[in-house]
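Colleague: This is work-v7.pdb (PDB, C-alpha atoms, pLDDT in the B column).
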ATOM      1  CA  MET I   1      58.991  64.132 130.716  1.00 45.00           C
ATOM      2  CA  MET I   2      56.532  66.046 132.870  1.00 47.00           C
ATOM      3  CA  SER I   3      59.084  66.733 135.569  1.00 47.00           C
ATOM      4  CA  GLN I   4      61.509  68.045 132.969  1.00 48.00           C
ATOM      5  CA  LYS I   5      58.915  70.464 131.751  1.00 49.00           C
ATOM      6  CA  LYS I   6      58.307  71.651 135.287  1.00 48.00           C
ATOM      7  CA  ASP I   7      62.025  72.127 135.814  1.00 50.00           C
ATOM      8  CA  SER I   8      62.481  74.164 132.682  1.00 50.00           C
ATOM      9  CA  LYS I   9      59.630  76.407 133.793  1.00 55.00           C
ATOM     10  CA  LYS I  10      61.469  77.096 137.019  1.00 60.00           C
ATOM     11  CA  ILE I  11      64.115  79.197 135.255  1.00 60.00           C
ATOM     12  CA  THR I  12      63.262  82.760 136.003  1.00 65.00           C
ATOM     13  CA  GLU I  13      63.434  85.448 133.394  1.00 62.00           C
ATOM     14  CA  GLY I  14      66.478  86.956 135.046  1.00 66.00           C
ATOM     15  CA  GLU I  15      68.340  83.662 134.849  1.00 65.00           C
ATOM     16  CA  ALA I  16      67.418  83.236 131.215  1.00 56.00           C
ATOM     17  CA  ASP I  17      68.732  86.707 130.474  1.00 58.00           C
ATOM     18  CA  LEU I  18      71.959  85.876 132.242  1.00 61.00           C
ATOM     19  CA  TYR I  19      72.335  82.731 130.171  1.00 57.00           C
ATOM     20  CA  LEU I  20      71.652  84.589 126.934  1.00 53.00           C
ATOM     21  CA  ASP I  21      74.031  87.348 127.974  1.00 57.00           C
ATOM     22  CA  GLN I  22      76.828  84.843 128.312  1.00 55.00           C
ATOM     23  CA  TYR I  23      75.923  83.178 125.070  1.00 53.00           C
ATOM     24  CA  ASN I  24      76.344  86.519 123.339  1.00 54.00           C
ATOM     25  CA  PHE I  25      80.041  86.528 124.058  1.00 57.00           C
ATOM     26  CA  THR I  26      81.206  83.068 123.063  1.00 68.00           C
ATOM     27  CA  THR I  27      83.100  81.936 119.994  1.00 71.00           C
ATOM     28  CA  THR I  28      79.866  80.253 119.044  1.00 69.00           C
ATOM     29  CA  ALA I  29      77.928  83.489 118.895  1.00 72.00           C
ATOM     30  CA  ALA I  30      80.676  85.152 116.892  1.00 78.00           C
ATOM     31  CA  ILE I  31      80.776  82.749 113.952  1.00 86.00           C
ATOM     32  CA  VAL I  32      77.395  81.047 114.067  1.00 86.00           C
ATOM     33  CA  GLY I  33      76.211  83.537 111.448  1.00 86.00           C
ATOM     34  CA  SER I  34      78.836  82.328 108.980  1.00 89.00           C
ATOM     35  CA  VAL I  35      77.732  78.689 108.998  1.00 90.00           C
ATOM     36  CA  ASP I  36      76.841  77.385 105.514  1.00 92.00           C
ATOM     37  CA  ARG I  37      78.352  80.532 103.990  1.00 92.00           C
ATOM     38  CA  LYS I  38      81.535  80.924 102.029  1.00 94.00           C
ATOM     39  CA  VAL I  39      84.400  81.963 104.266  1.00 94.00           C
ATOM     40  CA  PHE I  40      88.128  82.444 104.017  1.00 93.00           C
ATOM     41  CA  VAL I  41      90.421  81.135 106.721  1.00 94.00           C
ATOM     42  CA  LEU I  42      93.996  82.237 107.246  1.00 93.00           C
ATOM     43  CA  LEU I  43      96.095  79.594 108.978  1.00 93.00           C
ATOM     44  CA  ARG I  44      99.218  80.122 111.021  1.00 91.00           C
ATOM     45  CA  ASP I  45     101.387  78.417 108.409  1.00 89.00           C
ATOM     46  CA  GLY I  46     100.300  81.065 105.887  1.00 89.00           C
ATOM     47  CA  ARG I  47      97.771  79.002 103.993  1.00 91.00           C
ATOM     48  CA  ILE I  48      94.673  80.786 102.785  1.00 93.00           C
ATOM     49  CA  LEU I  49      91.642  78.555 102.444  1.00 95.00           C
ATOM     50  CA  PHE I  50      88.285  79.374 100.897  1.00 94.00           C
ATOM     51  CA  GLY I  51      85.361  77.095 101.577  1.00 95.00           C
ATOM     52  CA  VAL I  52      81.898  76.663 102.995  1.00 95.00           C
ATOM     53  CA  LEU I  53      81.904  76.649 106.792  1.00 95.00           C
ATOM     54  CA  ARG I  54      79.878  73.649 107.876  1.00 94.00           C
ATOM     55  CA  THR I  55      80.484  73.462 111.613  1.00 93.00           C
ATOM     56  CA  PHE I  56      82.780  74.633 114.408  1.00 91.00           C
ATOM     57  CA  ASP I  57      83.165  74.570 118.182  1.00 88.00           C
ATOM     58  CA  GLN I  58      84.309  76.798 121.047  1.00 84.00           C
ATOM     59  CA  TYR I  59      87.994  76.397 120.114  1.00 86.00           C
ATOM     60  CA  ALA I  60      87.299  77.548 116.560  1.00 88.00           C
ATOM     61  CA  ASN I  61      87.944  74.047 115.251  1.00 93.00           C
ATOM     62  CA  LEU I  62      86.373  74.227 111.809  1.00 94.00           C
ATOM     63  CA  ILE I  63      84.996  71.995 109.085  1.00 95.00           C
ATOM     64  CA  LEU I  64      85.213  73.485 105.608  1.00 96.00           C
ATOM     65  CA  GLN I  65      83.630  71.943 102.549  1.00 96.00           C
ATOM     66  CA  TYR I  66      84.515  72.545  98.879  1.00 95.00           C
ATOM     67  CA  CYS I  67      87.782  73.938 100.122  1.00 95.00           C
ATOM     68  CA  VAL I  68      90.149  75.800  97.805  1.00 95.00           C
ATOM     69  CA  GLU I  69      93.669  76.709  98.823  1.00 95.00           C
ATOM     70  CA  ARG I  70      94.994  79.880  97.254  1.00 92.00           C
ATOM     71  CA  ILE I  71      98.480  81.357  97.147  1.00 92.00           C
ATOM     72  CA  TYR I  72      99.055  85.015  96.284  1.00 90.00           C
ATOM     73  CA  PHE I  73     102.208  86.640  94.989  1.00 90.00           C
ATOM     74  CA  THR I  74     100.987  90.202  94.896  1.00 85.00           C
ATOM     75  CA  GLU I  75     104.342  91.685  93.972  1.00 85.00           C
ATOM     76  CA  GLU I  76     104.561  89.545  90.842  1.00 87.00           C
ATOM     77  CA  ASN I  77     100.773  89.894  90.327  1.00 89.00           C
ATOM     78  CA  LYS I  78     100.294  86.128  90.261  1.00 90.00           C
ATOM     79  CA  TYR I  79      98.186  83.611  92.087  1.00 91.00           C
ATOM     80  CA  ALA I  80      97.545  79.888  92.166  1.00 93.00           C
ATOM     81  CA  GLU I  81      94.762  77.737  93.518  1.00 92.00           C
ATOM     82  CA  GLU I  82      93.912  74.105  94.059  1.00 94.00           C
ATOM     83  CA  LEU I  83      90.790  72.269  95.125  1.00 94.00           C
ATOM     84  CA  ARG I  84      91.305  70.569  98.468  1.00 93.00           C
ATOM     85  CA  GLY I  85      87.903  69.064  99.302  1.00 94.00           C
ATOM     86  CA  VAL I  86      86.905  68.832 102.952  1.00 96.00           C
ATOM     87  CA  PHE I  87      89.181  70.384 105.552  1.00 94.00           C
ATOM     88  CA  MET I  88      89.026  69.918 109.297  1.00 95.00           C
ATOM     89  CA  VAL I  89      91.060  72.718 110.824  1.00 94.00           C
ATOM     90  CA  ARG I  90      92.267  72.564 114.399  1.00 94.00           C
ATOM     91  CA  GLY I  91      91.406  75.820 116.125  1.00 91.00           C
ATOM     92  CA  GLU I  92      94.881  76.681 117.339  1.00 91.00           C
ATOM     93  CA  ASN I  93      96.023  77.078 113.722  1.00 92.00           C
ATOM     94  CA  VAL I  94      93.395  79.645 112.808  1.00 93.00           C
ATOM     95  CA  VAL I  95      94.548  83.252 112.565  1.00 93.00           C
ATOM     96  CA  MET I  96      91.385  84.756 111.194  1.00 92.00           C
ATOM     97  CA  LEU I  97      88.166  83.828 109.526  1.00 93.00           C
ATOM     98  CA  GLY I  98      85.948  86.054 107.454  1.00 92.00           C
ATOM     99  CA  GLU I  99      82.772  85.798 105.499  1.00 92.00           C
ATOM    100  CA  VAL I 100      83.406  86.375 101.788  1.00 91.00           C
ATOM    101  CA  ASP I 101      81.153  88.449  99.558  1.00 88.00           C
ATOM    102  CA  ILE I 102      80.805  86.091  96.582  1.00 86.00           C
ATOM    103  CA  ASP I 103      80.057  88.953  94.189  1.00 86.00           C
ATOM    104  CA  LYS I 104      83.282  90.802  94.933  1.00 84.00           C
ATOM    105  CA  GLU I 105      85.446  87.814  95.660  1.00 83.00           C
ATOM    106  CA  ASP I 106      87.018  87.369  92.221  1.00 83.00           C
ATOM    107  CA  LYS I 107      87.714  91.043  91.568  1.00 82.00           C
ATOM    108  CA  PRO I 108      91.327  91.131  92.773  1.00 82.00           C
ATOM    109  CA  LEU I 109      91.995  87.943  90.793  1.00 85.00           C
ATOM    110  CA  GLU I 110      90.912  89.417  87.439  1.00 85.00           C
ATOM    111  CA  MET I 111      94.031  91.538  87.339  1.00 85.00           C
ATOM    112  CA  MET I 112      96.304  88.649  88.275  1.00 88.00           C
ATOM    113  CA  GLU I 113      97.885  85.883  86.302  1.00 90.00           C
ATOM    114  CA  LYS I 114      97.098  82.336  87.330  1.00 91.00           C
ATOM    115  CA  ILE I 115     100.086  80.004  87.590  1.00 92.00           C
ATOM    116  CA  PRO I 116     100.245  76.243  88.244  1.00 93.00           C
ATOM    117  CA  PHE I 117      99.847  75.364  91.913  1.00 92.00           C
ATOM    118  CA  LYS I 118     102.969  73.216  92.047  1.00 93.00           C
ATOM    119  CA  GLU I 119     105.077  76.102  90.811  1.00 92.00           C
ATOM    120  CA  ALA I 120     103.515  78.420  93.383  1.00 92.00           C
ATOM    121  CA  LEU I 121     104.259  75.971  96.180  1.00 92.00           C
ATOM    122  CA  LYS I 122     107.918  75.953  95.176  1.00 93.00           C
ATOM    123  CA  ILE I 123     108.164  79.753  95.204  1.00 92.00           C
ATOM    124  CA  GLN I 124     106.296  79.918  98.493  1.00 91.00           C
ATOM    125  CA  LYS I 125     108.656  77.416 100.062  1.00 91.00           C
ATOM    126  CA  GLU I 126     111.649  79.507  99.058  1.00 92.00           C
ATOM    127  CA  GLN I 127     110.023  82.666 100.368  1.00 90.00           C
ATOM    128  CA  ASN I 128     109.218  80.989 103.664  1.00 90.00           C
ATOM    129  CA  GLN I 129     112.773  79.761 104.071  1.00 91.00           C
ATOM    130  CA  GLN I 130     114.048  83.244 103.444  1.00 91.00           C
ATOM    131  CA  LYS I 131     111.597  84.729 105.911  1.00 89.00           C
ATOM    132  CA  CYS I 132     112.588  82.122 108.473  1.00 90.00           C
ATOM    133  CA  LYS I 133     116.260  83.064 108.097  1.00 92.00           C
ATOM    134  CA  LEU I 134     115.472  86.759 108.375  1.00 91.00           C
ATOM    135  CA  GLU I 135     113.309  86.346 111.464  1.00 89.00           C
ATOM    136  CA  THR I 136     115.803  84.066 113.209  1.00 90.00           C
ATOM    137  CA  GLN I 137     118.492  86.666 112.610  1.00 92.00           C
ATOM    138  CA  LYS I 138     116.171  89.329 113.996  1.00 90.00           C
ATOM    139  CA  SER I 139     115.575  87.182 117.069  1.00 90.00           C
ATOM    140  CA  LYS I 140     119.332  86.909 117.600  1.00 92.00           C
ATOM    141  CA  ASP I 141     119.860  90.646 117.140  1.00 93.00           C
ATOM    142  CA  MET I 142     117.114  91.489 119.574  1.00 92.00           C
ATOM    143  CA  ALA I 143     118.282  88.892 122.080  1.00 92.00           C
ATOM    144  CA  ALA I 144     121.642  90.708 122.139  1.00 93.00           C
ATOM    145  CA  TYR I 145     119.748  93.663 123.605  1.00 93.00           C
ATOM    146  CA  GLY I 146     117.872  91.438 126.002  1.00 92.00           C
ATOM    147  CA  LEU I 147     114.666  91.691 123.962  1.00 91.00           C
ATOM    148  CA  VAL I 148     112.318  88.946 122.924  1.00 86.00           C
ATOM    149  CA  HIS I 149     111.199  88.598 119.320  1.00 83.00           C
ATOM    150  CA  ASP I 150     108.024  86.592 119.150  1.00 77.00           C
ATOM    151  CA  PHE I 151     108.701  84.272 116.227  1.00 80.00           C
ATOM    152  CA  HIS I 152     108.030  80.569 115.757  1.00 80.00           C
ATOM    153  CA  LYS I 153     108.990  78.559 112.719  1.00 78.00           C
ATOM    154  CA  SER I 154     105.378  77.508 112.307  1.00 79.00           C
ATOM    155  CA  ASP I 155     104.211  81.133 112.092  1.00 83.00           C
ATOM    156  CA  MET I 156     104.317  81.983 108.398  1.00 80.00           C
ATOM    157  CA  TYR I 157     101.172  84.064 108.026  1.00 82.00           C
TER
ATOM    158  CA  MET T   1      88.037  87.896 133.559  1.00 82.00           C
ATOM    159  CA  LEU T   2      88.626  91.618 134.086  1.00 88.00           C
ATOM    160  CA  PHE T   3      89.892  92.266 130.591  1.00 89.00           C
ATOM    161  CA  PHE T   4      87.069  90.261 129.117  1.00 90.00           C
ATOM    162  CA  SER T   5      84.659  92.616 130.890  1.00 89.00           C
ATOM    163  CA  PHE T   6      86.735  95.562 129.770  1.00 91.00           C
ATOM    164  CA  PHE T   7      86.574  94.517 126.130  1.00 92.00           C
ATOM    165  CA  LYS T   8      82.843  94.039 126.441  1.00 90.00           C
ATOM    166  CA  THR T   9      82.552  97.754 127.225  1.00 91.00           C
ATOM    167  CA  LEU T  10      84.314  98.483 123.919  1.00 92.00           C
ATOM    168  CA  VAL T  11      81.725  96.711 121.771  1.00 91.00           C
ATOM    169  CA  ASP T  12      80.415  98.850 118.883  1.00 92.00           C
ATOM    170  CA  GLN T  13      83.446 101.150 119.004  1.00 94.00           C
ATOM    171  CA  GLU T  14      86.112 101.448 116.361  1.00 95.00           C
ATOM    172  CA  VAL T  15      89.385  99.738 117.221  1.00 95.00           C
ATOM    173  CA  THR T  16      92.572  98.766 115.417  1.00 96.00           C
ATOM    174  CA  VAL T  17      93.940  95.292 115.977  1.00 95.00           C
ATOM    175  CA  GLU T  18      97.598  94.542 115.338  1.00 94.00           C
ATOM    176  CA  LEU T  19      98.340  90.896 114.708  1.00 92.00           C
ATOM    177  CA  LYS T  20     101.604  89.172 115.521  1.00 88.00           C
ATOM    178  CA  ASN T  21     102.548  89.346 111.827  1.00 84.00           C
ATOM    179  CA  ASP T  22     102.438  93.182 111.920  1.00 85.00           C
ATOM    180  CA  ILE T  23      99.167  93.390 109.982  1.00 89.00           C
ATOM    181  CA  GLU T  24      96.764  96.002 111.290  1.00 93.00           C
ATOM    182  CA  LEU T  25      93.048  95.600 110.916  1.00 93.00           C
ATOM    183  CA  LYS T  26      90.691  98.457 111.677  1.00 94.00           C
ATOM    184  CA  GLY T  27      87.032  97.895 112.278  1.00 94.00           C
ATOM    185  CA  THR T  28      84.041  98.109 114.578  1.00 95.00           C
ATOM    186  CA  LEU T  29      84.332  95.669 117.463  1.00 93.00           C
ATOM    187  CA  LYS T  30      81.283  93.433 117.309  1.00 90.00           C
ATOM    188  CA  SER T  31      81.914  90.798 119.939  1.00 89.00           C
ATOM    189  CA  VAL T  32      84.480  89.395 122.350  1.00 90.00           C
ATOM    190  CA  ASP T  33      84.612  86.069 124.140  1.00 88.00           C
ATOM    191  CA  GLN T  34      86.494  84.658 127.083  1.00 86.00           C
ATOM    192  CA  PHE T  35      89.611  83.905 124.976  1.00 89.00           C
ATOM    193  CA  LEU T  36      89.565  87.507 123.757  1.00 91.00           C
ATOM    194  CA  ASN T  37      88.732  86.341 120.261  1.00 92.00           C
ATOM    195  CA  LEU T  38      87.495  89.408 118.459  1.00 93.00           C
ATOM    196  CA  LYS T  39      84.884  89.945 115.808  1.00 92.00           C
ATOM    197  CA  LEU T  40      85.239  93.064 113.670  1.00 93.00           C
ATOM    198  CA  ASP T  41      82.784  94.621 111.230  1.00 91.00           C
ATOM    199  CA  ASN T  42      83.502  96.882 108.229  1.00 90.00           C
ATOM    200  CA  ILE T  43      87.182  96.097 108.263  1.00 91.00           C
ATOM    201  CA  SER T  44      90.021  97.836 106.502  1.00 90.00           C
ATOM    202  CA  CYS T  45      93.605  96.631 106.405  1.00 88.00           C
ATOM    203  CA  ASN T  46      96.859  98.598 106.368  1.00 85.00           C
ATOM    204  CA  ASP T  47      98.556  96.158 103.999  1.00 80.00           C
ATOM    205  CA  LYS T  48      96.186  95.242 101.168  1.00 76.00           C
ATOM    206  CA  THR T  49      98.933  93.603  99.147  1.00 76.00           C
ATOM    207  CA  LYS T  50      99.386  90.707 101.526  1.00 79.00           C
ATOM    208  CA  TYR T  51      95.760  89.599 101.557  1.00 83.00           C
ATOM    209  CA  PRO T  52      94.038  90.957  98.414  1.00 83.00           C
ATOM    210  CA  HIS T  53      90.851  89.045  99.171  1.00 83.00           C
ATOM    211  CA  LEU T  54      90.200  91.167 102.291  1.00 84.00           C
ATOM    212  CA  THR T  55      88.450  93.727 100.056  1.00 83.00           C
ATOM    213  CA  SER T  56      85.623  91.240  99.592  1.00 85.00           C
ATOM    214  CA  VAL T  57      85.308  90.543 103.298  1.00 87.00           C
ATOM    215  CA  ARG T  58      83.100  92.618 105.542  1.00 81.00           C
ATOM    216  CA  ASN T  59      83.322  91.011 108.952  1.00 87.00           C
ATOM    217  CA  ILE T  60      86.098  88.879 110.346  1.00 92.00           C
ATOM    218  CA  PHE T  61      86.690  86.737 113.365  1.00 93.00           C
ATOM    219  CA  ILE T  62      90.207  87.003 114.786  1.00 93.00           C
ATOM    220  CA  ARG T  63      91.495  84.336 117.117  1.00 92.00           C
ATOM    221  CA  GLY T  64      92.705  85.987 120.314  1.00 92.00           C
ATOM    222  CA  SER T  65      95.968  84.049 120.374  1.00 90.00           C
ATOM    223  CA  ASN T  66      97.254  85.914 117.285  1.00 91.00           C
ATOM    224  CA  VAL T  67      96.596  89.416 118.532  1.00 93.00           C
ATOM    225  CA  ARG T  68      99.552  91.526 119.598  1.00 92.00           C
ATOM    226  CA  TYR T  69      97.885  94.863 120.377  1.00 94.00           C
ATOM    227  CA  VAL T  70      94.482  96.466 120.290  1.00 95.00           C
ATOM    228  CA  TYR T  71      94.695 100.205 119.699  1.00 95.00           C
ATOM    229  CA  LEU T  72      92.016 102.290 121.401  1.00 94.00           C
ATOM    230  CA  GLN T  73      91.062 105.922 121.420  1.00 92.00           C
ATOM    231  CA  LYS T  74      92.064 107.719 124.574  1.00 90.00           C
ATOM    232  CA  ASN T  75      88.492 108.474 125.543  1.00 91.00           C
ATOM    233  CA  MET T  76      87.395 104.835 125.304  1.00 90.00           C
ATOM    234  CA  VAL T  77      89.153 103.836 128.470  1.00 89.00           C
ATOM    235  CA  ASP T  78      88.983 105.173 132.012  1.00 90.00           C
ATOM    236  CA  THR T  79      92.490 104.239 133.107  1.00 91.00           C
ATOM    237  CA  ASN T  80      91.868 105.083 136.744  1.00 93.00           C
ATOM    238  CA  LEU T  81      88.853 102.831 136.884  1.00 91.00           C
ATOM    239  CA  LEU T  82      90.703 100.039 135.087  1.00 91.00           C
ATOM    240  CA  GLN T  83      93.679 100.296 137.401  1.00 93.00           C
ATOM    241  CA  ASP T  84      91.408 100.237 140.386  1.00 93.00           C
ATOM    242  CA  ALA T  85      89.535  97.202 139.107  1.00 91.00           C
ATOM    243  CA  ALA T  86      92.772  95.379 138.296  1.00 91.00           C
ATOM    244  CA  ARG T  87      94.050  95.942 141.827  1.00 92.00           C
ATOM    245  CA  ARG T  88      90.802  94.884 143.366  1.00 91.00           C
ATOM    246  CA  GLU T  89      90.820  91.694 141.298  1.00 89.00           C
ATOM    247  CA  ALA T  90      94.416  90.968 142.300  1.00 88.00           C
ATOM    248  CA  MET T  91      93.496  91.476 145.951  1.00 89.00           C
ATOM    249  CA  SER T  92      90.519  89.156 145.743  1.00 86.00           C
ATOM    250  CA  ASP T  93      92.712  86.459 144.151  1.00 77.00           C
ATOM    251  CA  LYS T  94      95.056  86.575 147.110  1.00 71.00           C
ATOM    252  CA  ARG T  95      92.377  85.842 149.629  1.00 64.00           C
TER
END
Translate this file's structure into structure tokens.

Modeller:
Amino acid sequence: MMSQKKDSKKITEGEADLYLDQYNFTTTAAIVGSVDRKVFVLLRDGRILFGVLRTFDQYANLILQYCVERIYFTEENKYAEELRGVFMVRGENVVMLGEVDIDKEDKPLEMMEKIPFKEALKIQKEQNQQKCKLETQKSKDMAAYGLVHDFHKSDMY
Amino acid sequence: MLFFSFFKTLVDQEVTVELKNDIELKGTLKSVDQFLNLKLDNISCNDKTKYPHLTSVRNIFIRGSNVRYVYLQKNMVDTNLLQDAARREAMSDKR
């Protein structure tokens, strides 16, 4: 115990600064302020989740509690939502994460009509299939010119 | 690591980030990490219809793997210096 204390004292101020400097620029530093707050997460498959961020790591793997999945159809002015419980999200599927202002959160929803979640899923599936077709065609067209179109079937956001 | 250092010099400046789904997010760059994950403050989005909830969000964390471009102002970057540094880094990798 004593030796440990001695060792920790050996770190010079400069070294400590260096360590803190590095800490400033990690994933950890970026989202540590959002822990235990309500956040939204956009996933690569297009899902939008709202929940309380409980913990995370350097890959942006996340644990969300009281999670709600929401689907928007802004053109039709409709939305749907369903309670999902606890979500563990693997970091590679995260597109973005943002802290939500709880006071303003429901404002865009007031103007929208809520529809059953099952119905929304069906519409979303159709839309995704259509998008997939469109993007695959685009990939083919661009490939004809020797260009690459960065599209994967799992990217629906 | 060069571009990580480069992005660190851009902290607190206004940038526009284009994601791979064509969405553009404008905001003040708050932090960068080694994967080039970005944190933006005071964001605004070019396509509000796709994500209506973004109006209630002030700061966002964007995973670096989904970024296509970062738009900068011309005066934010010293291209000569960057080119020089890139070459020097490439040379030191060879050795």

Colleague: Define the interface residues of chain I facing chain T as those within 9 Å, counting all atoms listed in the file, and report them as a PyMOL selection string.

Modeller: chain I and resi 22+24-27+29-31+39-40+44+48+60+72-75+91-92+94-109+150-151+155-157

Colleague: How many Å lie between atom CA of Phe7 of chain T and atom CA of Lys26 of chain T, rounded to one decimal?

Modeller: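 The value is 15.5 Å.
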
Colleague: Report, in Å to a single decimal, how far apart atom CA of Ala85 of chain T and atom CA of Leu2 of chain T are.

Modeller: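 These atoms are spaced 7.6 Å apart.
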
Colleague: List the neighbours of segment 114-129 of chain I out to 6 Å using all atoms listed in the file; skip same-chain residues closer than 6 positions along the sequence, and give me the result as a PDB file with C-alpha atoms, keeping the file's coordinate frame.

Modeller:
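Writing the result to selection-v7.pdb gives the following:
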ATOM      1  CA  LYS I  78     100.294  86.128  90.261  1.00 90.00           C
ATOM      2  CA  TYR I  79      98.186  83.611  92.087  1.00 91.00           C
ATOM      3  CA  ALA I  80      97.545  79.888  92.166  1.00 93.00           C
ATOM      4  CA  GLU I  81      94.762  77.737  93.518  1.00 92.00           C
TER       5      GLU I  81
END

Colleague: Calculate how many Å separate atom CA of Val35 of chain I from atom CA of Gly51 of chain I, rounding to one decimal.

Modeller: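 According to the coordinates, atom CA of Val35 of chain I and atom CA of Gly51 of chain I are separated by 10.8 Å.
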
Colleague: Name the residues captured by the PyMOL selection byres ((chain T and resi 69-75) around 6) when it is applied to the shown file; answer as a list in words.

Modeller: Val15, Thr16, Val17, Glu18, Val67, Arg68, Met76 and Val77 of chain T

Colleague: Using all atoms of segment 118-124 of chain I that appear in the file, construct an axis-aligned enclosing box with 4 Å of padding on every side and provide its centre coordinates and edge lengths in Å, rounded to one decimal, as AutoDock Vina command-line options.

Modeller:
--center_x 105.6 --center_y 76.6 --center_z 94.7 --size_x 13.2 --size_y 14.7 --size_z 15.7

Colleague: With 9 Å as the threshold, what does the neighbourhood of (89.0, 77.6, 103.4) contain in terms of residues, counting all atoms listed in the file? Coordinates are those of the file; answer as an NGL selection string.

Modeller: :I and (38-42 or 47-53 or 63-70 or 84 or 87 or 97)

Colleague: Take the residues from that selection and write them out as a short mmCIF file (atom, residue, chain, number, x, y, z; two decimals), in the coordinates of the input, keeping C-alpha atoms.

Modeller:
data_model
loop_
_atom_site.label_atom_id
_atom_site.label_comp_id
_atom_site.auth_asym_id
_atom_site.auth_seq_id
_atom_site.Cartn_x
_atom_site.Cartn_y
_atom_site.Cartn_z
CA LYS I 38 81.54 80.92 102.03
CA VAL I 39 84.40 81.96 104.27
CA PHE I 40 88.13 82.44 104.02
CA VAL I 41 90.42 81.14 106.72
CA LEU I 42 94.00 82.24 107.25
CA ARG I 47 97.77 79.00 103.99
CA ILE I 48 94.67 80.79 102.78
CA LEU I 49 91.64 78.56 102.44
CA PHE I 50 88.28 79.37 100.90
CA GLY I 51 85.36 77.10 101.58
CA VAL I 52 81.90 76.66 103.00
CA LEU I 53 81.90 76.65 106.79
CA ILE I 63 85.00 72.00 109.08
CA LEU I 64 85.21 73.48 105.61
CA GLN I 65 83.63 71.94 102.55
CA TYR I 66 84.52 72.54 98.88
CA CYS I 67 87.78 73.94 100.12
CA VAL I 68 90.15 75.80 97.80
CA GLU I 69 93.67 76.71 98.82
CA ARG I 70 94.99 79.88 97.25
CA ARG I 84 91.30 70.57 98.47
CA PHE I 87 89.18 70.38 105.55
CA LEU I 97 88.17 83.83 109.53
#

Colleague: Care to translate the PyMOL selection byres ((chain I and resi 149) around 9) into actual residues of this file, as a ChimeraX atom specification?

Modeller: /I:135-136,138-140,142-143,147-148,150-151

Colleague: Take the residues that were just selected and, keeping C-alpha atoms, output them as a PDB file, in the coordinates of the input.

Modeller:
ATOM      1  CA  GLU I 135     113.309  86.346 111.464  1.00 89.00           C
ATOM      2  CA  THR I 136     115.803  84.066 113.209  1.00 90.00           C
ATOM      3  CA  LYS I 138     116.171  89.329 113.996  1.00 90.00           C
ATOM      4  CA  SER I 139     115.575  87.182 117.069  1.00 90.00           C
ATOM      5  CA  LYS I 140     119.332  86.909 117.600  1.00 92.00           C
ATOM      6  CA  MET I 142     117.114  91.489 119.574  1.00 92.00           C
ATOM      7  CA  ALA I 143     118.282  88.892 122.080  1.00 92.00           C
ATOM      8  CA  LEU I 147     114.666  91.691 123.962  1.00 91.00           C
ATOM      9  CA  VAL I 148     112.318  88.946 122.924  1.00 86.00           C
ATOM     10  CA  ASP I 150     108.024  86.592 119.150  1.00 77.00           C
ATOM     11  CA  PHE I 151     108.701  84.272 116.227  1.00 80.00           C
TER      12      PHE I 151
END

Colleague: Given all atoms listed in the file as the basis, pick out the residue of T:Asp84, T:Phe6, T:Glu24, T:Val11 nearest to Asn46 of chain T.

Modeller: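 For Asn46 of chain T, the nearest of the candidates is T:Glu24.
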